[in-house]
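File shown: final-v5.cif. Contents: mmCIF, C-alpha atoms and all ligand atoms.
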```
data_entry
loop_
_atom_site.label_atom_id
_atom_site.label_comp_id
_atom_site.auth_asym_id
_atom_site.auth_seq_id
_atom_site.Cartn_x
_atom_site.Cartn_y
_atom_site.Cartn_z
CA ASN A 19 110.45 67.74 51.06
CA SER A 20 107.39 68.84 52.94
CA VAL A 21 103.89 69.52 51.74
CA PHE A 22 104.41 72.81 53.58
CA ASP A 23 107.55 73.89 51.70
CA HIS A 24 105.66 76.89 50.33
CA VAL A 25 104.83 78.23 53.81
CA VAL A 26 106.60 81.52 54.41
CA ARG A 27 107.72 82.61 57.85
CA ALA A 28 105.20 84.96 59.44
CA PRO A 29 106.43 88.09 61.18
CA GLU A 30 106.36 88.19 64.98
CA ASP A 31 103.27 89.74 66.53
CA PRO A 32 104.08 93.48 66.78
CA ILE A 33 103.30 93.54 70.51
CA LEU A 34 104.26 90.06 71.71
CA GLY A 35 107.33 90.19 69.44
CA VAL A 36 108.78 92.93 71.66
CA THR A 37 109.09 90.42 74.50
CA VAL A 38 110.70 87.87 72.18
CA ALA A 39 113.40 90.44 71.30
CA TYR A 40 113.75 91.45 74.97
CA ASN A 41 114.29 87.85 76.07
CA LYS A 42 117.18 87.50 73.61
CA ASP A 43 119.02 90.57 74.95
CA PRO A 44 121.75 89.60 77.49
CA SER A 45 122.14 93.16 78.87
CA PRO A 46 121.63 93.46 82.67
CA VAL A 47 119.98 96.88 82.27
CA LYS A 48 117.41 95.76 79.71
CA LEU A 49 113.88 96.98 80.28
CA ASN A 50 110.69 95.60 78.77
CA LEU A 51 108.06 98.29 78.36
CA GLY A 52 106.28 96.48 75.55
CA VAL A 53 104.16 94.00 77.37
CA GLY A 54 100.78 95.12 78.67
CA ALA A 55 101.06 93.33 81.98
CA TYR A 56 101.39 94.74 85.47
CA ARG A 57 104.72 94.52 87.27
CA THR A 58 105.56 95.34 90.88
CA GLU A 59 108.16 97.90 91.97
CA GLU A 60 110.57 94.96 91.87
CA GLY A 61 109.66 94.31 88.25
CA LYS A 62 107.88 91.04 89.07
CA PRO A 63 104.50 89.76 87.85
CA LEU A 64 101.85 90.05 90.55
CA VAL A 65 99.25 87.55 91.70
CA LEU A 66 96.71 89.44 93.82
CA ASN A 67 96.32 88.23 97.41
CA VAL A 68 92.61 88.07 96.87
CA VAL A 69 93.15 85.76 93.90
CA ARG A 70 95.36 83.47 96.02
CA LYS A 71 92.66 83.38 98.67
CA ALA A 72 89.92 82.58 96.18
CA GLU A 73 92.06 79.82 94.67
CA GLN A 74 92.65 78.38 98.14
CA THR A 75 88.90 78.30 98.75
CA LEU A 76 88.40 76.54 95.44
CA VAL A 77 91.13 73.97 96.12
CA ASN A 78 89.82 73.21 99.62
CA ASP A 79 86.30 72.62 98.38
CA SER A 80 86.35 68.89 97.58
CA SER A 81 82.85 69.06 96.14
CA ARG A 82 84.23 70.98 93.16
CA VAL A 83 84.64 68.93 90.03
CA LYS A 84 86.15 69.53 86.61
CA GLU A 85 83.06 68.87 84.51
CA TYR A 86 82.43 70.91 81.39
CA LEU A 87 80.80 74.27 81.88
CA PRO A 88 77.72 75.05 79.78
CA ILE A 89 78.44 76.65 76.39
CA VAL A 90 77.75 80.10 77.86
CA GLY A 91 80.01 79.48 80.86
CA LEU A 92 79.52 79.81 84.59
CA ALA A 93 76.08 81.30 85.37
CA ASP A 94 77.20 83.14 88.55
CA PHE A 95 80.19 84.58 86.75
CA ASN A 96 78.02 85.90 83.94
CA LYS A 97 75.51 87.60 86.25
CA LEU A 98 78.23 89.12 88.42
CA SER A 99 80.22 90.32 85.40
CA ALA A 100 77.22 92.11 83.92
CA LYS A 101 76.59 93.71 87.32
CA LEU A 102 80.21 94.80 87.60
CA ILE A 103 80.26 96.67 84.31
CA LEU A 104 76.65 97.91 84.13
CA GLY A 105 76.20 98.69 87.83
CA ALA A 106 74.32 96.75 90.52
CA ASP A 107 71.19 98.85 90.01
CA SER A 108 71.18 98.73 86.21
CA PRO A 109 67.61 98.64 84.86
CA ALA A 110 68.83 96.54 81.92
CA ILE A 111 69.83 93.79 84.37
CA GLN A 112 66.65 94.13 86.43
CA GLU A 113 64.61 93.86 83.24
CA ASN A 114 66.53 90.73 82.25
CA ARG A 115 67.52 92.12 78.88
CA VAL A 116 71.26 91.46 79.02
CA ALA A 117 72.63 88.34 77.34
CA THR A 118 76.02 87.50 78.89
CA VAL A 119 78.38 84.72 77.92
CA GLN A 120 81.69 83.85 79.53
CA SER A 121 84.43 83.91 76.94
CA LEU A 122 88.18 83.68 76.47
CA SER A 123 89.23 86.96 78.05
CA GLY A 124 88.76 90.24 76.19
CA THR A 125 89.98 88.93 72.84
CA GLY A 126 87.64 85.93 72.79
CA SER A 127 84.70 88.10 73.82
CA LEU A 128 85.39 90.53 70.99
CA ARG A 129 85.67 87.67 68.54
CA VAL A 130 82.40 86.05 69.63
CA GLY A 131 80.70 89.45 69.37
CA ALA A 132 82.14 89.97 65.88
CA GLU A 133 80.93 86.61 64.62
CA PHE A 134 77.48 87.13 66.09
CA LEU A 135 77.24 90.49 64.33
CA ALA A 136 78.45 89.03 61.04
CA ARG A 137 75.67 86.43 61.21
CA HIS A 138 72.79 88.44 62.61
CA TYR A 139 73.26 92.15 62.06
CA HIS A 140 72.26 94.00 58.93
CA GLU A 141 75.27 96.35 58.79
CA ARG A 142 78.62 94.58 58.43
CA THR A 143 80.93 97.55 58.91
CA ILE A 144 82.67 98.31 62.19
CA TYR A 145 84.44 101.61 62.78
CA ILE A 146 87.48 101.34 65.04
CA PRO A 147 89.54 104.24 66.39
CA GLN A 148 92.75 105.29 64.62
CA PRO A 149 94.99 104.12 66.23
CA THR A 150 93.74 101.22 68.30
CA TRP A 151 94.97 98.00 69.88
CA GLY A 152 96.75 96.15 67.06
CA ASN A 153 94.61 93.05 67.37
CA HIS A 154 91.27 94.84 66.82
CA PRO A 155 91.34 95.00 63.00
CA LYS A 156 92.29 91.33 62.79
CA VAL A 157 89.73 90.13 65.33
CA PHE A 158 86.89 91.99 63.65
CA GLY A 159 88.09 91.34 60.10
CA LEU A 160 88.46 87.59 60.61
CA GLY A 161 85.22 87.64 62.60
CA GLY A 162 83.49 88.57 59.36
CA LEU A 163 83.10 92.35 59.59
CA SER A 164 84.46 94.98 57.30
CA VAL A 165 86.75 97.28 59.26
CA LYS A 166 86.96 101.06 58.82
CA THR A 167 88.55 103.65 61.06
CA TYR A 168 87.48 106.91 62.66
CA ARG A 169 89.88 109.66 63.67
CA TYR A 170 90.72 109.53 67.35
CA TYR A 171 94.18 110.79 68.21
CA ASP A 172 95.78 114.11 67.40
CA PRO A 173 99.59 113.82 67.30
CA ALA A 174 99.91 117.61 67.56
CA THR A 175 98.23 117.81 70.96
CA ARG A 176 98.87 114.19 71.95
CA GLY A 177 95.22 114.29 72.91
CA LEU A 178 91.81 113.50 71.45
CA ASN A 179 90.91 114.59 67.92
CA PHE A 180 87.36 115.21 69.02
CA GLN A 181 86.31 117.15 65.94
CA GLY A 182 87.65 114.44 63.65
CA LEU A 183 85.90 111.76 65.68
CA LEU A 184 82.54 113.55 65.47
CA GLU A 185 82.95 114.15 61.72
CA ASP A 186 83.89 110.54 60.95
CA LEU A 187 81.14 108.98 63.07
CA GLY A 188 78.76 111.62 61.74
CA SER A 189 79.39 110.45 58.19
CA ALA A 190 79.35 106.71 58.95
CA PRO A 191 76.38 104.92 57.36
CA SER A 192 73.45 104.58 59.74
CA GLY A 193 73.56 101.29 61.64
CA SER A 194 77.34 100.88 61.50
CA VAL A 195 79.00 99.30 64.50
CA VAL A 196 81.37 101.58 66.46
CA LEU A 197 84.13 100.17 68.62
CA LEU A 198 84.76 102.27 71.73
CA HIS A 199 87.41 101.72 74.38
CA ALA A 200 85.43 101.96 77.63
CA CYS A 201 88.40 103.62 79.37
CA ALA A 202 92.19 103.82 79.18
CA HIS A 203 92.36 103.82 75.40
CA ASN A 204 95.12 101.55 74.12
CA PRO A 205 97.65 102.61 72.83
CA THR A 206 97.11 106.36 73.33
CA GLY A 207 95.98 106.63 76.97
CA VAL A 208 93.62 109.34 75.73
CA ASP A 209 89.97 109.15 76.81
CA PRO A 210 87.05 111.50 76.08
CA THR A 211 85.86 113.60 79.03
CA PRO A 212 82.39 112.79 80.43
CA GLU A 213 81.01 115.77 78.48
CA GLN A 214 82.60 114.49 75.27
CA TRP A 215 81.23 111.00 75.97
CA GLU A 216 77.77 112.52 76.25
CA GLN A 217 78.18 114.17 72.83
CA ILE A 218 79.45 110.91 71.35
CA ARG A 219 76.46 109.10 72.84
CA GLN A 220 74.01 111.59 71.35
CA LEU A 221 75.62 111.29 67.94
CA ILE A 222 75.68 107.49 68.04
CA ARG A 223 72.05 107.26 69.12
CA SER A 224 70.83 109.90 66.68
CA LYS A 225 72.44 108.02 63.80
CA ALA A 226 71.36 104.58 65.09
CA LEU A 227 74.98 103.43 65.19
CA LEU A 228 75.62 100.34 67.33
CA PRO A 229 78.16 100.84 70.15
CA PHE A 230 80.55 97.98 70.91
CA PHE A 231 82.57 98.66 74.06
CA ASP A 232 85.90 97.03 74.72
CA SER A 233 86.40 97.14 78.49
CA ALA A 234 89.87 95.74 79.14
CA TYR A 235 90.86 98.06 82.00
CA GLN A 236 87.89 98.60 84.34
CA GLY A 237 89.29 99.86 87.66
CA PHE A 238 92.82 99.81 86.33
CA ALA A 239 92.68 103.32 84.86
CA SER A 240 91.39 105.51 87.68
CA GLY A 241 91.52 102.98 90.49
CA SER A 242 87.69 103.04 90.69
CA LEU A 243 85.54 100.35 89.09
CA ASP A 244 82.59 102.73 88.83
CA THR A 245 84.48 105.67 87.34
CA ASP A 246 85.99 103.46 84.66
CA ALA A 247 82.54 102.10 83.74
CA LEU A 248 81.01 105.55 83.29
CA SER A 249 81.06 105.54 79.49
CA VAL A 250 79.35 102.16 79.21
CA ARG A 251 76.73 103.07 81.82
CA MET A 252 75.87 106.28 79.96
CA PHE A 253 74.99 104.26 76.89
CA VAL A 254 72.97 101.72 78.85
CA ALA A 255 71.10 104.39 80.82
CA ASP A 256 69.49 105.74 77.65
CA GLY A 257 67.75 102.42 77.10
CA GLY A 258 69.53 101.71 73.81
CA GLU A 259 71.30 98.51 72.81
CA CYS A 260 75.04 97.88 72.98
CA PHE A 261 77.80 95.29 73.21
CA VAL A 262 80.40 95.09 75.98
CA ALA A 263 83.47 92.84 75.98
CA GLN A 264 85.05 92.55 79.43
CA SER A 265 88.47 91.24 80.37
CA TYR A 266 89.75 90.26 83.82
CA ALA A 267 93.32 90.01 82.55
CA LYS A 268 94.48 93.36 83.93
CA ASN A 269 92.10 94.25 86.73
CA MET A 270 92.39 90.87 88.46
CA GLY A 271 95.79 89.98 87.01
CA LEU A 272 94.31 86.82 85.47
CA TYR A 273 96.10 87.22 82.11
CA GLY A 274 96.84 83.58 81.41
CA GLU A 275 93.55 82.28 82.83
CA ARG A 276 91.75 83.77 79.81
CA VAL A 277 88.67 84.97 81.61
CA GLY A 278 86.25 87.52 80.23
CA ALA A 279 82.66 88.06 79.20
CA LEU A 280 80.57 89.37 76.35
CA SER A 281 77.34 91.12 77.28
CA ILE A 282 74.78 92.20 74.73
CA VAL A 283 72.33 94.69 76.16
CA CYS A 284 69.08 94.22 74.25
CA SER A 285 65.81 96.12 74.10
CA SER A 286 63.77 93.36 75.75
CA ALA A 287 64.14 90.11 77.70
CA ASP A 288 62.69 88.22 74.78
CA VAL A 289 65.31 89.54 72.34
CA ALA A 290 68.08 88.87 74.89
CA SER A 291 67.09 85.24 75.26
CA ARG A 292 67.01 84.70 71.49
CA VAL A 293 70.35 86.47 71.15
CA GLU A 294 71.83 84.19 73.83
CA SER A 295 70.57 81.11 72.02
CA GLN A 296 72.42 82.26 68.88
CA LEU A 297 75.59 83.11 70.80
CA LYS A 298 75.71 79.43 71.76
CA LEU A 299 75.74 78.51 68.07
CA VAL A 300 78.71 80.83 67.56
CA ILE A 301 80.63 79.43 70.53
CA ARG A 302 79.98 75.68 70.21
CA PRO A 303 81.98 75.08 67.01
CA MET A 304 84.65 77.63 68.04
CA TYR A 305 85.81 76.24 71.40
CA SER A 306 82.76 74.35 72.68
CA ASN A 307 82.72 75.89 76.15
CA PRO A 308 85.01 78.10 78.23
CA PRO A 309 87.54 77.07 80.91
CA ILE A 310 86.31 76.76 84.49
CA HIS A 311 89.16 77.83 86.75
CA GLY A 312 89.51 81.55 86.05
CA ALA A 313 85.78 82.16 86.02
CA SER A 314 85.47 80.36 89.37
CA ILE A 315 88.12 82.66 90.85
CA VAL A 316 86.30 85.74 89.60
CA ALA A 317 82.90 84.53 90.79
CA THR A 318 84.32 83.66 94.24
CA ILE A 319 85.69 87.19 94.58
CA LEU A 320 82.71 89.06 93.14
CA LYS A 321 80.09 87.31 95.26
CA ASP A 322 81.87 87.71 98.61
CA ARG A 323 81.61 91.17 100.15
CA THR A 324 84.94 90.90 102.00
CA LEU A 325 86.90 89.52 99.06
CA PHE A 326 85.34 92.11 96.75
CA GLN A 327 86.41 94.88 99.11
CA GLU A 328 89.95 93.48 99.26
CA TRP A 329 90.05 93.32 95.49
CA THR A 330 89.13 96.99 95.10
CA ILE A 331 91.99 97.92 97.44
CA GLU A 332 94.56 95.83 95.55
CA LEU A 333 93.24 97.14 92.25
CA LYS A 334 93.56 100.73 93.39
CA ALA A 335 97.13 100.06 94.54
CA MET A 336 98.03 98.87 91.02
CA ALA A 337 96.37 101.92 89.44
CA ASP A 338 98.08 104.25 91.91
CA ARG A 339 101.51 102.76 91.26
CA ILE A 340 101.05 103.38 87.54
CA ILE A 341 99.93 106.96 88.14
CA SER A 342 102.95 107.49 90.37
CA MET A 343 105.24 106.19 87.60
CA ARG A 344 103.76 108.83 85.29
CA HIS A 345 104.68 111.57 87.74
CA GLN A 346 108.16 110.20 88.35
CA LEU A 347 108.93 109.93 84.63
CA PHE A 348 107.56 113.40 83.94
CA GLU A 349 109.68 114.87 86.75
CA ALA A 350 112.78 113.00 85.59
CA LEU A 351 112.46 114.49 82.10
CA ARG A 352 111.80 117.93 83.50
CA SER A 353 114.89 117.77 85.71
CA ARG A 354 117.00 116.73 82.70
CA GLY A 355 115.61 119.62 80.67
CA THR A 356 114.57 117.22 77.92
CA PRO A 357 113.32 119.29 74.97
CA GLY A 358 109.59 119.17 74.25
CA ASP A 359 106.35 119.19 76.20
CA TRP A 360 105.99 115.93 78.16
CA SER A 361 102.85 116.83 80.08
CA HIS A 362 100.91 114.17 78.15
CA ILE A 363 102.75 111.61 80.29
CA ILE A 364 100.73 112.73 83.30
CA LYS A 365 97.55 113.53 81.35
CA GLN A 366 97.16 110.17 79.65
CA ILE A 367 95.24 107.42 81.42
CA GLY A 368 95.77 103.73 82.07
CA MET A 369 98.56 101.31 81.51
CA PHE A 370 100.22 103.00 78.55
CA THR A 371 101.85 106.25 77.61
CA PHE A 372 101.88 107.14 73.95
CA THR A 373 105.17 108.98 74.16
CA GLY A 374 105.21 110.55 70.72
CA LEU A 375 108.65 109.02 70.09
CA ASN A 376 108.96 107.89 66.48
CA SER A 377 110.15 104.50 65.27
CA GLU A 378 113.75 105.72 64.74
CA GLN A 379 113.87 107.04 68.29
CA VAL A 380 112.45 103.76 69.56
CA ALA A 381 115.07 101.79 67.61
CA PHE A 382 117.79 104.06 69.03
CA MET A 383 116.59 103.50 72.60
CA THR A 384 116.53 99.75 72.08
CA LYS A 385 119.98 99.66 70.51
CA GLU A 386 121.73 102.05 72.90
CA TYR A 387 119.75 101.61 76.12
CA HIS A 388 118.24 98.10 75.82
CA ILE A 389 114.76 99.50 76.32
CA TYR A 390 112.02 97.59 74.52
CA MET A 391 108.67 99.02 73.41
CA THR A 392 106.36 98.89 70.42
CA SER A 393 107.62 100.85 67.42
CA ASP A 394 104.76 103.35 67.71
CA GLY A 395 106.40 104.71 70.88
CA ARG A 396 103.93 103.19 73.31
CA ILE A 397 105.41 102.36 76.71
CA SER A 398 103.83 100.31 79.45
CA MET A 399 103.95 102.36 82.64
CA ALA A 400 103.33 99.16 84.56
CA GLY A 401 106.70 97.86 83.42
CA LEU A 402 108.49 100.80 85.08
CA SER A 403 109.69 101.19 88.66
CA SER A 404 111.33 103.96 90.70
CA LYS A 405 114.64 102.20 90.02
CA THR A 406 114.24 102.13 86.24
CA VAL A 407 112.73 105.59 85.67
CA PRO A 408 116.18 107.32 85.54
CA HIS A 409 117.43 104.87 82.88
CA LEU A 410 114.32 105.46 80.77
CA ALA A 411 114.55 109.22 81.24
CA ASP A 412 118.21 109.15 80.12
CA ALA A 413 117.22 107.21 77.02
CA ILE A 414 114.30 109.50 76.12
CA HIS A 415 116.52 112.52 76.76
CA ALA A 416 119.19 111.17 74.42
CA ALA A 417 116.61 110.25 71.79
CA ALA A 418 114.93 113.66 71.96
CA THR A 419 118.07 115.82 71.82
N1 LIG B 1 91.30 95.16 74.31
C1 LIG B 1 92.28 96.01 74.58
C2 LIG B 1 92.11 97.44 74.28
C3 LIG B 1 93.47 95.54 75.15
O1 LIG B 1 94.44 96.40 75.42
C4 LIG B 1 93.60 94.16 75.43
C5 LIG B 1 94.85 93.64 75.96
O2 LIG B 1 95.92 94.15 75.83
C6 LIG B 1 92.52 93.32 75.13
C7 LIG B 1 91.39 93.86 74.57
C8 LIG B 1 92.46 91.86 75.34
O3 LIG B 1 93.18 91.28 76.29
P1 LIG B 1 92.83 89.84 76.81
O4 LIG B 1 92.37 89.02 75.67
O5 LIG B 1 94.10 89.37 77.40
O6 LIG B 1 91.76 90.04 77.83
#
```

Starting from the file, give its structure as structure tokens.
Ligand code: PLP
Amino acid sequence: NSVFDHVVRAPEDPILGVTVAYNKDPSPVKLNLGVGAYRTEEGKPLVLNVVRKAEQTLVNDSSRVKEYLPIVGLADFNKLSAKLILGADSPAIQENRVATVQSLSGTGSLRVGAEFLARHYHERTIYIPQPTWGNHPKVFGLGGLSVKTYRYYDPATRGLNFQGLLEDLGSAPSGSVVLLHACAHNPTGVDPTPEQWEQIRQLIRSKALLPFFDSAYQGFASGSLDTDALSVRMFVADGGECFVAQSYAKNMGLYGERVGALSIVCSSADVASRVESQLKLVIRPMYSNPPIHGASIVATILKDRTLFQEWTIELKAMADRIISMRHQLFEALRSRGTPGDWSHIIKQIGMFTFTGLNSEQVAFMTKEYHIYMTSDGRISMAGLSSKTVPHLADAIHAAAT
């Protein structure tokens, strides 16, 4: 007898559970396209050279100690992170009106932002895109906000439902928080164009909605750090307030180091400093202070011109490999004459392709071809290689015919 006899088994996480199932499969041809982590052409995880170098520098520096960081994290890291997403010449930074705290990767930054809003913001509702990353509703819901959705994706075009988005945000109560994927929308790979972003910005500002950007893929989508920050910078350039959660999981390959930042762009330096003081009260009872190693790696790279340059080259190589996988898969389906229009594979952006395959087709591909992906038909392009594209194309072809 246990005092926990009543505890029922929880289901596996819908995303991480894919890897659990994959690991159990003994097939030599099995392919894991579920996990949102970069793989090389050889299918191996990648530690960037620039990260190895930064770690070496850190290890060789005997003056470095393992003391606690402040509640808000490493000061250099915070400044450099804000500069990376907002731009080196951002007036908001020059005017000292950005409160930045180091947090536990993208997820932790979103959660800290949610709890701050629940305590200090008058409107408790956040609108998230439909669909969105599966963890968003839970992070914001448990963070104390009430979660609603806005239309985002149009299955018919496998593109943006721009009209639906404008209608839903247009009828959201004034002041509501709006979650926006800064680039490389997960799971759809569908982003607004710059012109559409401008219309979204005007709508959000005219209705006094509060934008909350989730930036999990800066540089990873297009290969350019600046291009992928365009949406955020548009909203900061108008002088209005916004939230940005940044993750270094993908763009520096620091997944397990849990390194990220939350920046709140405020209307004045005075507000920003009061906001920061309250962020500390959110963080202290949650995890006290963030881990030191990952943030030190990032700060070492961001503050050194040569290392920074090297990073941008390695980052672009990852983005380019993913883009090349899109073209290879598209061509493989075309050469097989697979029924349907697959051009969305090359139009979508970032790590994932939202294939349009339904859950039965996904189950079929897993059973017959040992290919693993989330049941919504999302595949990680980063998990593919030139060697595995034909196997995937065969499976999609069989599922679609
Ligand atoms: N936001 C989005 C849209 C994501 O896709 C992810 C990771 O998959 C995250 C946030 C958070 O990732 P992490 O907490 O590893 O930085």

8 Å shell around ligand LIG 1 (chain B) using only C-alpha atoms and all ligand atoms, listed as a PyMOL selection string:
chain A and resi 54+122-128+150-151+153-154+199+203-205+232-235+264-268+273-274+276-278

Which of these, A:Glu133, A:Asp107, A:Asp359, A:Asp43, has the shortest distance to A:Val254 once you count all atoms listed in the file?
A:Asp107

Name the residues within 12 Å of (99.9, 102.6, 92.5), counting all atoms listed in the file in the file's coordinates, and put them as a PyMOL selection string.
chain A and resi 56-59+237-241+331-346+368-369+399-400+402-404

Saved selection, atoms kept: C-alpha atoms, as a compact mmCIF listing (two decimals), keeping the file's coordinate frame:
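Below you can see out.txt, which holds the result:
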```
# COMPACT_ATOMS: atom_id res chain seq x y z
CA TYR A 56 101.39 94.74 85.47
CA ARG A 57 104.72 94.52 87.27
CA THR A 58 105.56 95.34 90.88
CA GLU A 59 108.16 97.90 91.97
CA GLY A 237 89.29 99.86 87.66
CA PHE A 238 92.82 99.81 86.33
CA ALA A 239 92.68 103.32 84.86
CA SER A 240 91.39 105.51 87.68
CA GLY A 241 91.52 102.98 90.49
CA ILE A 331 91.99 97.92 97.44
CA GLU A 332 94.56 95.83 95.55
CA LEU A 333 93.24 97.14 92.25
CA LYS A 334 93.56 100.73 93.39
CA ALA A 335 97.13 100.06 94.54
CA MET A 336 98.03 98.87 91.02
CA ALA A 337 96.37 101.92 89.44
CA ASP A 338 98.08 104.25 91.91
CA ARG A 339 101.51 102.76 91.26
CA ILE A 340 101.05 103.38 87.54
CA ILE A 341 99.93 106.96 88.14
CA SER A 342 102.95 107.49 90.37
CA MET A 343 105.24 106.19 87.60
CA ARG A 344 103.76 108.83 85.29
CA HIS A 345 104.68 111.57 87.74
CA GLN A 346 108.16 110.20 88.35
CA GLY A 368 95.77 103.73 82.07
CA MET A 369 98.56 101.31 81.51
CA MET A 399 103.95 102.36 82.64
CA ALA A 400 103.33 99.16 84.56
CA LEU A 402 108.49 100.80 85.08
CA SER A 403 109.69 101.19 88.66
CA SER A 404 111.33 103.96 90.70
```

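Distances to A:Gly182 were evaluated for A:Gln296, A:Thr37, A:Asn96, A:Gln148 using only C-alpha atoms, and the minimum falls at A:Gln148.
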
So that I can check the surroundings of A:Pro46, please list as a short mmCIF file (atom, residue, chain, number, x, y, z; two decimals) with C-alpha atoms, keeping the file's coordinate frame every protein, DNA and RNA residue that reaches within 12 Å of it, counting only C-alpha atoms and ignoring chain neighbours fewer than 3 positions away.
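Output (part00.cif):
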```cif
data_model
loop_
_atom_site.label_atom_id
_atom_site.label_comp_id
_atom_site.auth_asym_id
_atom_site.auth_seq_id
_atom_site.Cartn_x
_atom_site.Cartn_y
_atom_site.Cartn_z
CA TYR A 40 113.75 91.45 74.97
CA ASN A 41 114.29 87.85 76.07
CA LYS A 42 117.18 87.50 73.61
CA ASP A 43 119.02 90.57 74.95
CA LEU A 49 113.88 96.98 80.28
CA ASN A 50 110.69 95.60 78.77
CA TYR A 387 119.75 101.61 76.12
CA HIS A 388 118.24 98.10 75.82
CA ILE A 389 114.76 99.50 76.32
CA THR A 406 114.24 102.13 86.24
#
```

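The protein and nucleic acid residues lying at most 8 Å from A:Glu259 are A:Leu228, A:Pro229, A:Phe253, A:Val254, A:Ile282, A:Val283, A:Cys284, A:Ser285, with all atoms listed in the file considered and sequence neighbours fewer than 4 positions away removed.
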
As a check of understanding: the span from atom CA of A:Gly401 to atom CA of A:Ala174 is 26.2 Å

Write out as a PyMOL selection string the residues lying within 12 Å of A:Arg352, counting all atoms listed in the file and excluding same-chain residues fewer than 3 positions away.
chain A and resi 345-349+355-361+363+408+411-412+414-415

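If you look at atom CA of A:Ser291 and atom CA of A:Thr118, they are 9.9 Å away from each other.
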
I want to know what sits within 12 Å of A:Thr324, based on all atoms listed in the file, with residues of the same chain fewer than 6 positions away left out; could you give that as a ChimeraX atom specification?
/A:68,71-72,318,330-331

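Proximity of A:Asp256, A:Glu113, A:Asp172, A:Asp246 to A:Ser286, computed with all atoms listed in the file, is greatest for A:Glu113.
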
Expressed in Å, the length from atom CA of A:Gly61 to atom CA of A:Met391 is 15.6 Å

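Closest approach to A:Arg129 among A:Leu299, A:Gly159, A:Pro147, A:Ser224: A:Gly159, based on all atoms listed in the file.
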